[in-house]
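Dumped query_36.cif below, it's mmCIF, C-alpha atoms:
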```cif
data_data
loop_
_atom_site.group_PDB
_atom_site.id
_atom_site.type_symbol
_atom_site.label_atom_id
_atom_site.label_comp_id
_atom_site.auth_asym_id
_atom_site.auth_seq_id
_atom_site.Cartn_x
_atom_site.Cartn_y
_atom_site.Cartn_z
ATOM 1 C CA MET I 910 -31.871 -52.530 46.405
ATOM 2 C CA PHE I 911 -31.662 -49.049 44.903
ATOM 3 C CA ILE I 912 -34.659 -46.829 44.180
ATOM 4 C CA ASN I 913 -34.417 -44.922 40.903
ATOM 5 C CA ASN I 914 -36.509 -41.782 40.996
ATOM 6 C CA PHE I 915 -34.298 -39.477 38.951
ATOM 7 C CA ASP I 916 -35.716 -36.553 37.031
ATOM 8 C CA PRO I 917 -34.895 -37.007 33.309
ATOM 9 C CA VAL I 918 -34.627 -33.193 33.015
ATOM 10 C CA ALA I 919 -31.134 -32.019 33.956
ATOM 11 C CA ILE I 920 -31.679 -28.263 33.580
ATOM 12 C CA GLN I 921 -34.875 -26.273 33.234
ATOM 13 C CA ILE I 922 -34.973 -22.556 32.439
ATOM 14 C CA LEU I 923 -38.569 -21.365 32.247
ATOM 15 C CA SER I 924 -40.128 -23.620 29.585
ATOM 16 C CA LEU I 925 -36.758 -24.737 28.194
ATOM 17 C CA GLU I 926 -35.765 -28.257 29.259
ATOM 18 C CA ILE I 927 -32.339 -29.787 28.811
ATOM 19 C CA ARG I 928 -32.499 -33.520 29.391
ATOM 20 C CA TRP I 929 -29.777 -35.846 30.594
ATOM 21 C CA TYR I 930 -29.996 -37.796 27.334
ATOM 22 C CA SER I 931 -29.204 -34.671 25.308
ATOM 23 C CA LEU I 932 -26.270 -33.890 27.603
ATOM 24 C CA ALA I 933 -25.006 -37.458 27.198
ATOM 25 C CA TYR I 934 -24.912 -37.017 23.403
ATOM 26 C CA ILE I 935 -23.147 -33.663 23.705
ATOM 27 C CA ILE I 936 -20.579 -34.822 26.279
ATOM 28 C CA GLY I 937 -19.870 -38.051 24.388
ATOM 29 C CA ILE I 938 -19.327 -36.299 21.060
ATOM 30 C CA MET I 939 -17.242 -33.470 22.525
ATOM 31 C CA LEU I 940 -15.027 -35.777 24.569
ATOM 32 C CA GLY I 941 -14.587 -38.179 21.665
ATOM 33 C CA TRP I 942 -13.747 -35.262 19.382
ATOM 34 C CA PHE I 943 -11.145 -33.951 21.837
ATOM 35 C CA LEU I 944 -9.454 -37.336 22.373
ATOM 36 C CA SER I 945 -9.422 -38.042 18.648
ATOM 37 C CA LYS I 946 -7.647 -34.780 17.812
ATOM 38 C CA LYS I 947 -5.253 -34.869 20.764
ATOM 39 C CA ILE I 948 -4.350 -38.559 20.996
ATOM 40 C CA PHE I 949 -5.707 -40.947 18.378
ATOM 41 C CA ILE I 950 -5.144 -39.166 15.049
ATOM 42 C CA SER I 951 -1.540 -39.280 13.833
ATOM 43 C CA ASP I 952 -2.182 -38.616 10.124
ATOM 44 C CA ILE I 953 -2.000 -34.842 9.587
ATOM 45 C CA ARG I 954 -4.396 -35.071 6.611
ATOM 46 C CA LEU I 955 -7.060 -36.690 8.754
ATOM 47 C CA LYS I 956 -6.515 -34.211 11.551
ATOM 48 C CA GLU I 957 -7.056 -31.298 9.169
ATOM 49 C CA LYS I 958 -10.334 -32.760 7.894
ATOM 50 C CA PHE I 959 -11.623 -34.163 11.173
ATOM 51 C CA ASP I 960 -13.467 -31.015 12.284
ATOM 52 C CA ASP I 961 -15.495 -31.069 9.071
ATOM 53 C CA TYR I 962 -16.011 -34.798 9.461
ATOM 54 C CA ILE I 963 -17.590 -34.329 12.907
ATOM 55 C CA THR I 964 -20.447 -32.332 11.368
ATOM 56 C CA TYR I 965 -21.156 -35.191 8.950
ATOM 57 C CA LEU I 966 -20.780 -37.666 11.804
ATOM 58 C CA ILE I 967 -23.418 -35.975 13.965
ATOM 59 C CA LEU I 968 -25.865 -36.016 11.063
ATOM 60 C CA GLY I 969 -25.127 -39.698 10.476
ATOM 61 C CA ILE I 970 -25.750 -40.538 14.127
ATOM 62 C CA ILE I 971 -29.030 -38.624 14.356
ATOM 63 C CA ILE I 972 -30.523 -39.575 10.990
ATOM 64 C CA GLY I 973 -29.278 -43.161 11.114
ATOM 65 C CA GLY I 974 -30.307 -43.619 14.729
ATOM 66 C CA ARG I 975 -33.811 -42.334 14.062
ATOM 67 C CA LEU I 976 -34.352 -44.299 10.863
ATOM 68 C CA GLY I 977 -32.916 -47.398 12.510
ATOM 69 C CA TYR I 978 -35.440 -47.181 15.338
ATOM 70 C CA ILE I 979 -38.295 -46.651 12.904
ATOM 71 C CA ILE I 980 -37.328 -49.537 10.608
ATOM 72 C CA PHE I 981 -36.051 -52.072 13.138
ATOM 73 C CA TYR I 982 -38.226 -51.409 16.164
ATOM 74 C CA ASN I 983 -41.493 -49.626 15.370
ATOM 75 C CA PHE I 984 -42.181 -49.590 11.636
ATOM 76 C CA ALA I 985 -45.908 -50.327 11.901
ATOM 77 C CA PHE I 986 -46.521 -47.320 14.139
ATOM 78 C CA TYR I 987 -44.544 -44.808 12.088
ATOM 79 C CA ALA I 988 -45.962 -46.094 8.804
ATOM 80 C CA ASN I 989 -49.349 -44.906 10.066
ATOM 81 C CA ASN I 990 -48.031 -41.800 11.833
ATOM 82 C CA ILE I 991 -45.621 -40.183 9.367
ATOM 83 C CA ILE I 992 -45.456 -36.830 11.182
ATOM 84 C CA ASP I 993 -44.210 -38.553 14.354
ATOM 85 C CA ILE I 994 -41.055 -39.570 12.504
ATOM 86 C CA PHE I 995 -39.765 -36.029 12.946
ATOM 87 C CA LYS I 996 -40.577 -35.826 16.688
ATOM 88 C CA ILE I 997 -37.101 -36.845 17.792
ATOM 89 C CA TRP I 998 -37.570 -35.076 21.140
ATOM 90 C CA GLU I 999 -40.107 -37.745 22.088
ATOM 91 C CA GLY I 1000 -37.390 -40.414 21.972
ATOM 92 C CA GLY I 1001 -36.776 -43.365 19.704
ATOM 93 C CA MET I 1002 -33.164 -43.892 18.601
ATOM 94 C CA SER I 1003 -31.374 -47.076 17.628
ATOM 95 C CA PHE I 1004 -27.654 -47.583 18.241
ATOM 96 C CA HIS I 1005 -27.358 -49.963 15.301
ATOM 97 C CA GLY I 1006 -29.162 -47.445 13.092
ATOM 98 C CA GLY I 1007 -26.741 -44.752 14.232
ATOM 99 C CA LEU I 1008 -23.868 -47.126 13.494
ATOM 100 C CA ILE I 1009 -25.123 -47.663 9.945
ATOM 101 C CA GLY I 1010 -25.464 -43.889 9.577
ATOM 102 C CA VAL I 1011 -21.877 -43.363 10.750
ATOM 103 C CA ILE I 1012 -20.566 -45.993 8.323
ATOM 104 C CA ALA I 1013 -22.484 -44.503 5.386
ATOM 105 C CA ILE I 1014 -21.474 -40.922 6.137
ATOM 106 C CA SER I 1015 -17.820 -41.952 6.663
ATOM 107 C CA ILE I 1016 -17.717 -43.646 3.268
ATOM 108 C CA LEU I 1017 -19.180 -40.561 1.586
ATOM 109 C CA PHE I 1018 -16.842 -38.150 3.404
ATOM 110 C CA ALA I 1019 -13.748 -40.281 2.769
ATOM 111 C CA LYS I 1020 -14.603 -40.655 -0.916
ATOM 112 C CA LYS I 1021 -15.066 -36.899 -1.188
ATOM 113 C CA ASN I 1022 -11.591 -36.309 0.279
ATOM 114 C CA ASN I 1023 -9.899 -39.297 -1.390
ATOM 115 C CA HIS I 1024 -9.200 -41.021 1.953
ATOM 116 C CA ASN I 1025 -9.682 -44.565 3.222
ATOM 117 C CA PRO I 1026 -13.064 -44.749 5.047
ATOM 118 C CA PHE I 1027 -11.569 -47.115 7.624
ATOM 119 C CA SER I 1028 -9.094 -44.411 8.637
ATOM 120 C CA TYR I 1029 -12.076 -42.447 9.966
ATOM 121 C CA LEU I 1030 -14.055 -45.429 11.201
ATOM 122 C CA ASP I 1031 -11.125 -46.740 13.256
ATOM 123 C CA ILE I 1032 -10.913 -43.414 15.103
ATOM 124 C CA VAL I 1033 -14.664 -43.369 15.705
ATOM 125 C CA ALA I 1034 -14.521 -46.973 16.929
ATOM 126 C CA LEU I 1035 -11.914 -46.034 19.536
ATOM 127 C CA VAL I 1036 -13.943 -43.187 21.023
ATOM 128 C CA ALA I 1037 -17.484 -44.522 20.457
ATOM 129 C CA PRO I 1038 -17.472 -46.462 23.771
ATOM 130 C CA ILE I 1039 -17.198 -43.114 25.571
ATOM 131 C CA GLY I 1040 -20.452 -41.918 24.037
ATOM 132 C CA ILE I 1041 -22.051 -45.311 24.654
ATOM 133 C CA PHE I 1042 -21.097 -45.113 28.331
ATOM 134 C CA PHE I 1043 -22.709 -41.717 28.853
ATOM 135 C CA GLY I 1044 -25.722 -42.730 26.750
ATOM 136 C CA ARG I 1045 -26.416 -45.793 28.892
ATOM 137 C CA ILE I 1046 -26.045 -43.764 32.084
ATOM 138 C CA ALA I 1047 -28.644 -41.371 30.647
ATOM 139 C CA ASN I 1048 -30.905 -44.373 29.889
ATOM 140 C CA PHE I 1049 -30.605 -45.362 33.549
ATOM 141 C CA ILE I 1050 -31.499 -41.869 34.739
ATOM 142 C CA ASN I 1051 -34.455 -41.808 32.344
ATOM 143 C CA SER I 1052 -35.708 -45.205 33.614
ATOM 144 C CA GLU I 1053 -35.733 -46.559 30.048
ATOM 145 C CA LEU I 1054 -34.347 -49.763 28.533
ATOM 146 C CA TYR I 1055 -34.691 -51.232 32.021
ATOM 147 C CA GLY I 1056 -33.980 -54.824 32.985
ATOM 148 C CA THR I 1057 -35.977 -57.914 33.763
ATOM 149 C CA VAL I 1058 -37.345 -58.675 37.237
ATOM 150 C CA THR I 1059 -34.743 -60.047 39.655
ATOM 151 C CA ASN I 1060 -33.911 -60.521 43.326
ATOM 152 C CA VAL I 1061 -30.168 -59.834 43.087
ATOM 153 C CA PRO I 1062 -28.844 -57.551 45.874
ATOM 154 C CA TRP I 1063 -28.049 -54.766 43.404
ATOM 155 C CA ALA I 1064 -31.546 -54.740 41.917
ATOM 156 C CA VAL I 1065 -33.111 -51.366 41.128
ATOM 157 C CA LYS I 1066 -36.718 -50.268 41.556
ATOM 158 C CA PHE I 1067 -37.646 -47.854 38.781
ATOM 159 C CA ILE I 1068 -40.405 -45.800 40.385
ATOM 160 C CA ASN I 1069 -41.450 -44.308 37.047
ATOM 161 C CA VAL I 1070 -41.996 -47.827 35.657
ATOM 162 C CA ASP I 1071 -43.421 -50.010 38.434
ATOM 163 C CA ASN I 1072 -42.644 -51.288 41.940
ATOM 164 C CA LEU I 1073 -40.699 -54.364 40.848
ATOM 165 C CA ASN I 1074 -37.017 -55.010 41.476
ATOM 166 C CA ARG I 1075 -35.182 -55.120 38.172
ATOM 167 C CA HIS I 1076 -31.730 -55.637 36.715
ATOM 168 C CA PRO I 1077 -30.012 -52.274 36.063
ATOM 169 C CA SER I 1078 -29.358 -53.436 32.507
ATOM 170 C CA GLN I 1079 -28.420 -49.919 31.439
ATOM 171 C CA LEU I 1080 -25.469 -50.024 33.860
ATOM 172 C CA TYR I 1081 -24.449 -53.474 32.633
ATOM 173 C CA GLU I 1082 -24.280 -52.022 29.127
ATOM 174 C CA ALA I 1083 -22.449 -48.910 30.309
ATOM 175 C CA ILE I 1084 -19.764 -51.123 31.838
ATOM 176 C CA LEU I 1085 -19.520 -53.710 29.050
ATOM 177 C CA GLU I 1086 -20.154 -51.639 25.902
ATOM 178 C CA GLY I 1087 -18.602 -48.495 27.343
ATOM 179 C CA LEU I 1088 -15.792 -48.959 29.840
ATOM 180 C CA ILE I 1089 -14.598 -52.497 29.061
ATOM 181 C CA LEU I 1090 -14.939 -52.096 25.286
ATOM 182 C CA PHE I 1091 -12.885 -48.883 25.453
ATOM 183 C CA LEU I 1092 -10.102 -50.652 27.376
ATOM 184 C CA VAL I 1093 -10.137 -53.638 25.005
ATOM 185 C CA LEU I 1094 -9.791 -51.430 21.926
ATOM 186 C CA LEU I 1095 -7.008 -49.393 23.571
ATOM 187 C CA TYR I 1096 -5.144 -52.639 24.263
ATOM 188 C CA PHE I 1097 -5.394 -53.867 20.664
ATOM 189 C CA ARG I 1098 -4.568 -50.426 19.250
ATOM 190 C CA ASN I 1099 -0.981 -50.872 20.415
ATOM 191 C CA LYS I 1100 -0.569 -54.265 18.743
ATOM 192 C CA SER I 1101 1.306 -54.324 15.450
ATOM 193 C CA PHE I 1102 -1.170 -56.647 13.706
ATOM 194 C CA THR I 1103 -3.955 -54.085 14.167
ATOM 195 C CA LYS I 1104 -2.186 -51.291 12.282
ATOM 196 C CA ASN I 1105 -3.991 -52.133 9.060
ATOM 197 C CA PRO I 1106 -6.916 -49.681 8.595
ATOM 198 C CA GLY I 1107 -10.173 -51.445 9.413
ATOM 199 C CA PHE I 1108 -8.830 -53.842 12.025
ATOM 200 C CA ILE I 1109 -10.000 -51.702 14.955
ATOM 201 C CA SER I 1110 -13.389 -51.204 13.283
ATOM 202 C CA GLY I 1111 -13.761 -54.967 12.943
ATOM 203 C CA LEU I 1112 -12.773 -55.515 16.575
ATOM 204 C CA PHE I 1113 -15.301 -52.900 17.662
ATOM 205 C CA LEU I 1114 -18.114 -54.674 15.812
ATOM 206 C CA ILE I 1115 -17.130 -58.042 17.272
ATOM 207 C CA PHE I 1116 -16.759 -57.020 20.910
ATOM 208 C CA TYR I 1117 -19.676 -54.586 20.924
ATOM 209 C CA SER I 1118 -21.934 -57.245 19.407
ATOM 210 C CA ILE I 1119 -20.877 -59.846 21.977
ATOM 211 C CA PHE I 1120 -21.363 -57.459 24.899
ATOM 212 C CA ARG I 1121 -24.721 -56.249 23.569
ATOM 213 C CA PHE I 1122 -25.899 -59.820 22.930
ATOM 214 C CA ILE I 1123 -25.104 -60.757 26.543
ATOM 215 C CA SER I 1124 -26.644 -57.607 28.031
ATOM 216 C CA GLU I 1125 -29.923 -58.146 26.186
ATOM 217 C CA PHE I 1126 -30.593 -61.277 28.266
ATOM 218 C CA PHE I 1127 -31.059 -58.986 31.268
ATOM 219 C CA ARG I 1128 -33.090 -56.322 29.463
ATOM 220 C CA VAL I 1129 -36.828 -56.151 28.819
ATOM 221 C CA PRO I 1130 -37.479 -56.233 25.041
ATOM 222 C CA ASP I 1131 -39.461 -53.480 23.364
ATOM 223 C CA ASP I 1132 -43.179 -53.853 24.113
ATOM 224 C CA GLN I 1133 -44.196 -53.692 20.465
ATOM 225 C CA LEU I 1134 -41.784 -56.467 19.462
ATOM 226 C CA GLY I 1135 -41.206 -58.756 22.419
ATOM 227 C CA TYR I 1136 -39.030 -61.816 21.831
ATOM 228 C CA LEU I 1137 -38.519 -62.958 18.246
ATOM 229 C CA PHE I 1138 -36.754 -65.948 16.691
ATOM 230 C CA PHE I 1139 -35.395 -68.468 19.224
ATOM 231 C CA GLU I 1140 -36.569 -66.160 22.017
ATOM 232 C CA LEU I 1141 -34.021 -63.546 20.961
ATOM 233 C CA THR I 1142 -34.613 -59.798 20.933
ATOM 234 C CA MET I 1143 -34.282 -57.548 17.908
ATOM 235 C CA GLY I 1144 -31.108 -56.101 19.453
ATOM 236 C CA GLN I 1145 -29.577 -59.585 19.684
ATOM 237 C CA ILE I 1146 -30.491 -60.475 16.116
ATOM 238 C CA ILE I 1147 -28.987 -57.270 14.726
ATOM 239 C CA SER I 1148 -25.922 -57.688 16.965
ATOM 240 C CA PHE I 1149 -25.372 -61.187 15.545
ATOM 241 C CA ILE I 1150 -25.426 -59.768 12.018
ATOM 242 C CA PHE I 1151 -22.874 -57.091 12.940
ATOM 243 C CA LEU I 1152 -20.762 -59.745 14.670
ATOM 244 C CA LEU I 1153 -20.516 -61.620 11.366
ATOM 245 C CA ILE I 1154 -19.620 -58.388 9.565
ATOM 246 C CA GLY I 1155 -16.904 -57.686 12.140
ATOM 247 C CA ILE I 1156 -15.454 -61.194 11.732
ATOM 248 C CA TYR I 1157 -15.445 -60.771 7.951
ATOM 249 C CA ILE I 1158 -13.588 -57.442 8.234
ATOM 250 C CA ILE I 1159 -10.974 -58.936 10.590
ATOM 251 C CA ILE I 1160 -10.362 -61.922 8.319
ATOM 252 C CA THR I 1161 -10.109 -59.676 5.259
ATOM 253 C CA LYS I 1162 -7.724 -57.236 6.926
ATOM 254 C CA TYR I 1163 -5.581 -60.060 8.331
ATOM 255 C CA GLU I 1164 -5.210 -61.594 4.871
ATOM 256 C CA ILE I 1165 -4.183 -58.210 3.445
ATOM 257 C CA LYS I 1166 -1.682 -57.808 6.285
ATOM 258 C CA LYS I 1167 -0.116 -61.200 5.520
ATOM 259 C CA GLU I 1168 0.156 -60.433 1.803
ATOM 260 C CA SER I 1169 1.889 -57.124 2.480
#
```
Mind turning this structure into structure tokens?
Amino acid sequence: MFINNFDPVAIQILSLEIRWYSLAYIIGIMLGWFLSKKIFISDIRLKEKFDDYITYLILGIIIGGRLGYIIFYNFAFYANNIIDIFKIWEGGMSFHGGLIGVIAISILFAKKNNHNPFSYLDIVALVAPIGIFFGRIANFINSELYGTVTNVPWAVKFINVDNLNRHPSQLYEAILEGLILFLVLLYFRNKSFTKNPGFISGLFLIFYSIFRFISEFFRVPDDQLGYLFFELTMGQIISFIFLLIGIYIIITKYEIKKES
């Protein structure tokens, strides 16, 4: 059993606080940016535009993530507390909302530059697990999105939550949605049938959704929502929807590949 008593503040200079969660965002974006430019982008046109695209991407992640949390997870509260919508520093981000933001911003940016949106989304899909990994580690340090009560030997006691032994669900997600998903996408990237733009994006949606769906069984649902249809969480329901979207993209891209 491990006792989690980490300080969510990584660096403090006078009244300025830099939290682990902020560092996770920064490290994930910077590392993904570096790997994209150095390894994953072969099209010179995309490489020339990618620096500009990153600015759009960050906005898509932040705005989409915030709006996703508000709409999917806590609409009743924010509908009565409009000002709190802008208090991002107090927490409240949704991965699926950020994903929708990234998709929307990629379509707009690609249309503006007369490119295929999937050319950008495939690159983001390859490096997104890196950001997810660091984000989930930050969730663990922050003692948030913690797991259900358990007696497994690797259980964690989150002192800032209670004195119960819980699943380190954040670490499960870091491994599944971060490390393993990254390796899976790298494997398929080298397969000839995935060369069609959009195939990697579809695979990302499928595998991320499966891993997230599984991980949610070990994670305490949001207090304001609890369990919903068929005792599923909101995260599982949204993941199922994105799973279907991913399957549709794969089928569509495979048919195009056969025709060509």
Report, in Å with one decimal, the straight-line distance from atom CA of I:Ile1039 to atom CA of I:Arg1075. 25.0 Å
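Comparing the minimum interatomic distances between I:Trp998 and each of I:Phe1097, I:Phe911, I:Phe1138, I:Tyr930, counting all atoms listed in the file, we find that I:Tyr930 sits nearest.
For the file shown, the residue list from the PyMOL selection byres ((chain I and resi 912-922) around 9) reads Met910, Phe911, Leu923, Ser924, Leu925, Glu926, Ile927, Arg928, Trp929, Tyr930, Leu932, Ala1047, Phe1049, Ile1050, Asn1051, Ser1052, Ala1064, Val1065, Lys1066, Phe1067, Ile1068, Asn1069 and Asn1074 of chain I.
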Counting only C-alpha atoms, which residues of stretch 972-1086 of chain I fall within 8 Å of stretch 1114-1135 of chain I, and what is the closest atom pair for each with its distance in Å at one decimal, ordered by chain and rising number, as CSV?
```
residue,atom,partner,partner_atom,distance
I:Tyr982,CA,I:Leu1134,CA,7.0
I:Asn983,CA,I:Gln1133,CA,7.1
I:Leu1054,CA,I:Arg1128,CA,6.7
I:Tyr1055,CA,I:Arg1128,CA,5.9
I:Gly1056,CA,I:Arg1128,CA,3.9
I:Thr1057,CA,I:Val1129,CA,5.3
I:His1076,CA,I:Phe1127,CA,6.4
I:Ser1078,CA,I:Arg1128,CA,5.6
I:Tyr1081,CA,I:Ser1124,CA,6.6
I:Glu1082,CA,I:Ser1124,CA,6.2
I:Leu1085,CA,I:Phe1120,CA,5.9
I:Glu1086,CA,I:Tyr1117,CA,5.8
```
Generate a file of the selected residues that holds C-alpha atoms, formatted as a CSV table (one decimal), keeping the file's coordinate frame.
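Printed below is again-v9.csv as written:
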```csv
chain,number,residue,atom,x,y,z
I,982,TYR,CA,-38.2,-51.4,16.2
I,983,ASN,CA,-41.5,-49.6,15.4
I,1054,LEU,CA,-34.3,-49.8,28.5
I,1055,TYR,CA,-34.7,-51.2,32.0
I,1056,GLY,CA,-34.0,-54.8,33.0
I,1057,THR,CA,-36.0,-57.9,33.8
I,1076,HIS,CA,-31.7,-55.6,36.7
I,1078,SER,CA,-29.4,-53.4,32.5
I,1081,TYR,CA,-24.4,-53.5,32.6
I,1082,GLU,CA,-24.3,-52.0,29.1
I,1085,LEU,CA,-19.5,-53.7,29.0
I,1086,GLU,CA,-20.2,-51.6,25.9
```
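You will find atom CA of I:Pro1077 at 13.8 Å from atom CA of I:Phe1042.
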Atom CA of I:Phe1004 to atom CA of I:Ser951: how many Å, to one decimal? 27.8 Å
To verify the selection step, state as a ChimeraX atom specification which residues the PyMOL selection byres ((chain I and resi 1014-1027) around 10) yields on this input. /I:954-955,958,961-963,965-970,973,1008-1013,1028-1034,1105-1111
Output of the PyMOL selection byres ((chain I and resi 1090) around 9), listed as an MDAnalysis selection string: chainID I and resid 1035 1038 1084:1089 1091:1095 1113 1116:1117 1120
Which residue, I:Met1143, I:Asn990, I:Leu1153, I:Phe943, has the smallest gap to I:Tyr978 when you use only C-alpha atoms? I:Met1143
Centre, x/y/z edge lengths, axis-aligned box for stretch 990-1008 of chain I with 6 Å per side, as lines of an AutoDock Vina configuration file:
```
center_x = -35.9
center_y = -42.5
center_z = 15.7
size_x = 36.2
size_y = 26.9
size_z = 24.7
```
N, CA and C atoms for stretch 1017-1043 of chain I, written as a tab-separated table (two decimals), keeping the file's coordinate frame, could you do that?
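Output file selection.tsv is given in full below:
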```
chain	number	residue	atom	x	y	z
I	1017	LEU	N	-18.95	-41.73	2.44
I	1017	LEU	CA	-19.18	-40.56	1.59
I	1017	LEU	C	-18.12	-39.49	1.81
I	1018	PHE	N	-17.82	-39.20	3.09
I	1018	PHE	CA	-16.84	-38.15	3.40
I	1018	PHE	C	-15.45	-38.55	2.94
I	1019	ALA	N	-15.08	-39.81	3.17
I	1019	ALA	CA	-13.75	-40.28	2.77
I	1019	ALA	C	-13.60	-40.26	1.25
I	1020	LYS	N	-14.64	-40.67	0.55
I	1020	LYS	CA	-14.60	-40.66	-0.92
I	1020	LYS	C	-14.45	-39.23	-1.43
I	1021	LYS	N	-15.14	-38.30	-0.80
I	1021	LYS	CA	-15.07	-36.90	-1.19
I	1021	LYS	C	-13.65	-36.35	-1.03
I	1022	ASN	N	-12.94	-36.82	-0.01
I	1022	ASN	CA	-11.59	-36.31	0.28
I	1022	ASN	C	-10.49	-37.28	-0.14
I	1023	ASN	N	-10.87	-38.33	-0.88
I	1023	ASN	CA	-9.90	-39.30	-1.39
I	1023	ASN	C	-9.11	-39.96	-0.26
I	1024	HIS	N	-9.81	-40.34	0.82
I	1024	HIS	CA	-9.20	-41.02	1.95
I	1024	HIS	C	-9.79	-42.42	2.08
I	1025	ASN	N	-9.17	-43.24	2.90
I	1025	ASN	CA	-9.68	-44.56	3.22
I	1025	ASN	C	-10.76	-44.42	4.29
I	1026	PRO	N	-12.00	-44.89	4.04
I	1026	PRO	CA	-13.06	-44.75	5.05
I	1026	PRO	C	-12.70	-45.36	6.39
I	1027	PHE	N	-11.94	-46.46	6.37
I	1027	PHE	CA	-11.57	-47.12	7.62
I	1027	PHE	C	-10.64	-46.26	8.48
I	1028	SER	N	-9.95	-45.31	7.85
I	1028	SER	CA	-9.09	-44.41	8.64
I	1028	SER	C	-9.95	-43.58	9.58
I	1029	TYR	N	-11.14	-43.19	9.13
I	1029	TYR	CA	-12.08	-42.45	9.97
I	1029	TYR	C	-12.82	-43.38	10.92
I	1030	LEU	N	-13.26	-44.51	10.39
I	1030	LEU	CA	-14.06	-45.43	11.20
I	1030	LEU	C	-13.26	-46.01	12.36
I	1031	ASP	N	-11.95	-46.23	12.17
I	1031	ASP	CA	-11.12	-46.74	13.26
I	1031	ASP	C	-11.05	-45.74	14.41
I	1032	ILE	N	-10.95	-44.46	14.07
I	1032	ILE	CA	-10.91	-43.41	15.10
I	1032	ILE	C	-12.25	-43.36	15.84
I	1033	VAL	N	-13.33	-43.40	15.09
I	1033	VAL	CA	-14.66	-43.37	15.70
I	1033	VAL	C	-14.86	-44.59	16.60
I	1034	ALA	N	-14.38	-45.75	16.14
I	1034	ALA	CA	-14.52	-46.97	16.93
I	1034	ALA	C	-13.82	-46.85	18.27
I	1035	LEU	N	-12.67	-46.18	18.29
I	1035	LEU	CA	-11.91	-46.03	19.54
I	1035	LEU	C	-12.64	-45.16	20.56
I	1036	VAL	N	-13.31	-44.13	20.09
I	1036	VAL	CA	-13.94	-43.19	21.02
I	1036	VAL	C	-15.45	-43.43	21.21
I	1037	ALA	N	-16.04	-44.25	20.35
I	1037	ALA	CA	-17.48	-44.52	20.46
I	1037	ALA	C	-17.89	-45.07	21.82
I	1038	PRO	N	-17.08	-45.95	22.46
I	1038	PRO	CA	-17.47	-46.46	23.77
I	1038	PRO	C	-17.67	-45.36	24.82
I	1039	ILE	N	-17.01	-44.22	24.64
I	1039	ILE	CA	-17.20	-43.11	25.57
I	1039	ILE	C	-18.63	-42.59	25.47
I	1040	GLY	N	-19.08	-42.38	24.24
I	1040	GLY	CA	-20.45	-41.92	24.04
I	1040	GLY	C	-21.46	-42.95	24.48
I	1041	ILE	N	-21.15	-44.24	24.23
I	1041	ILE	CA	-22.05	-45.31	24.65
I	1041	ILE	C	-22.19	-45.31	26.16
I	1042	PHE	N	-21.08	-45.13	26.87
I	1042	PHE	CA	-21.10	-45.11	28.33
I	1042	PHE	C	-22.04	-44.04	28.86
I	1043	PHE	N	-21.86	-42.81	28.38
I	1043	PHE	CA	-22.71	-41.72	28.85
I	1043	PHE	C	-24.16	-41.91	28.41
```
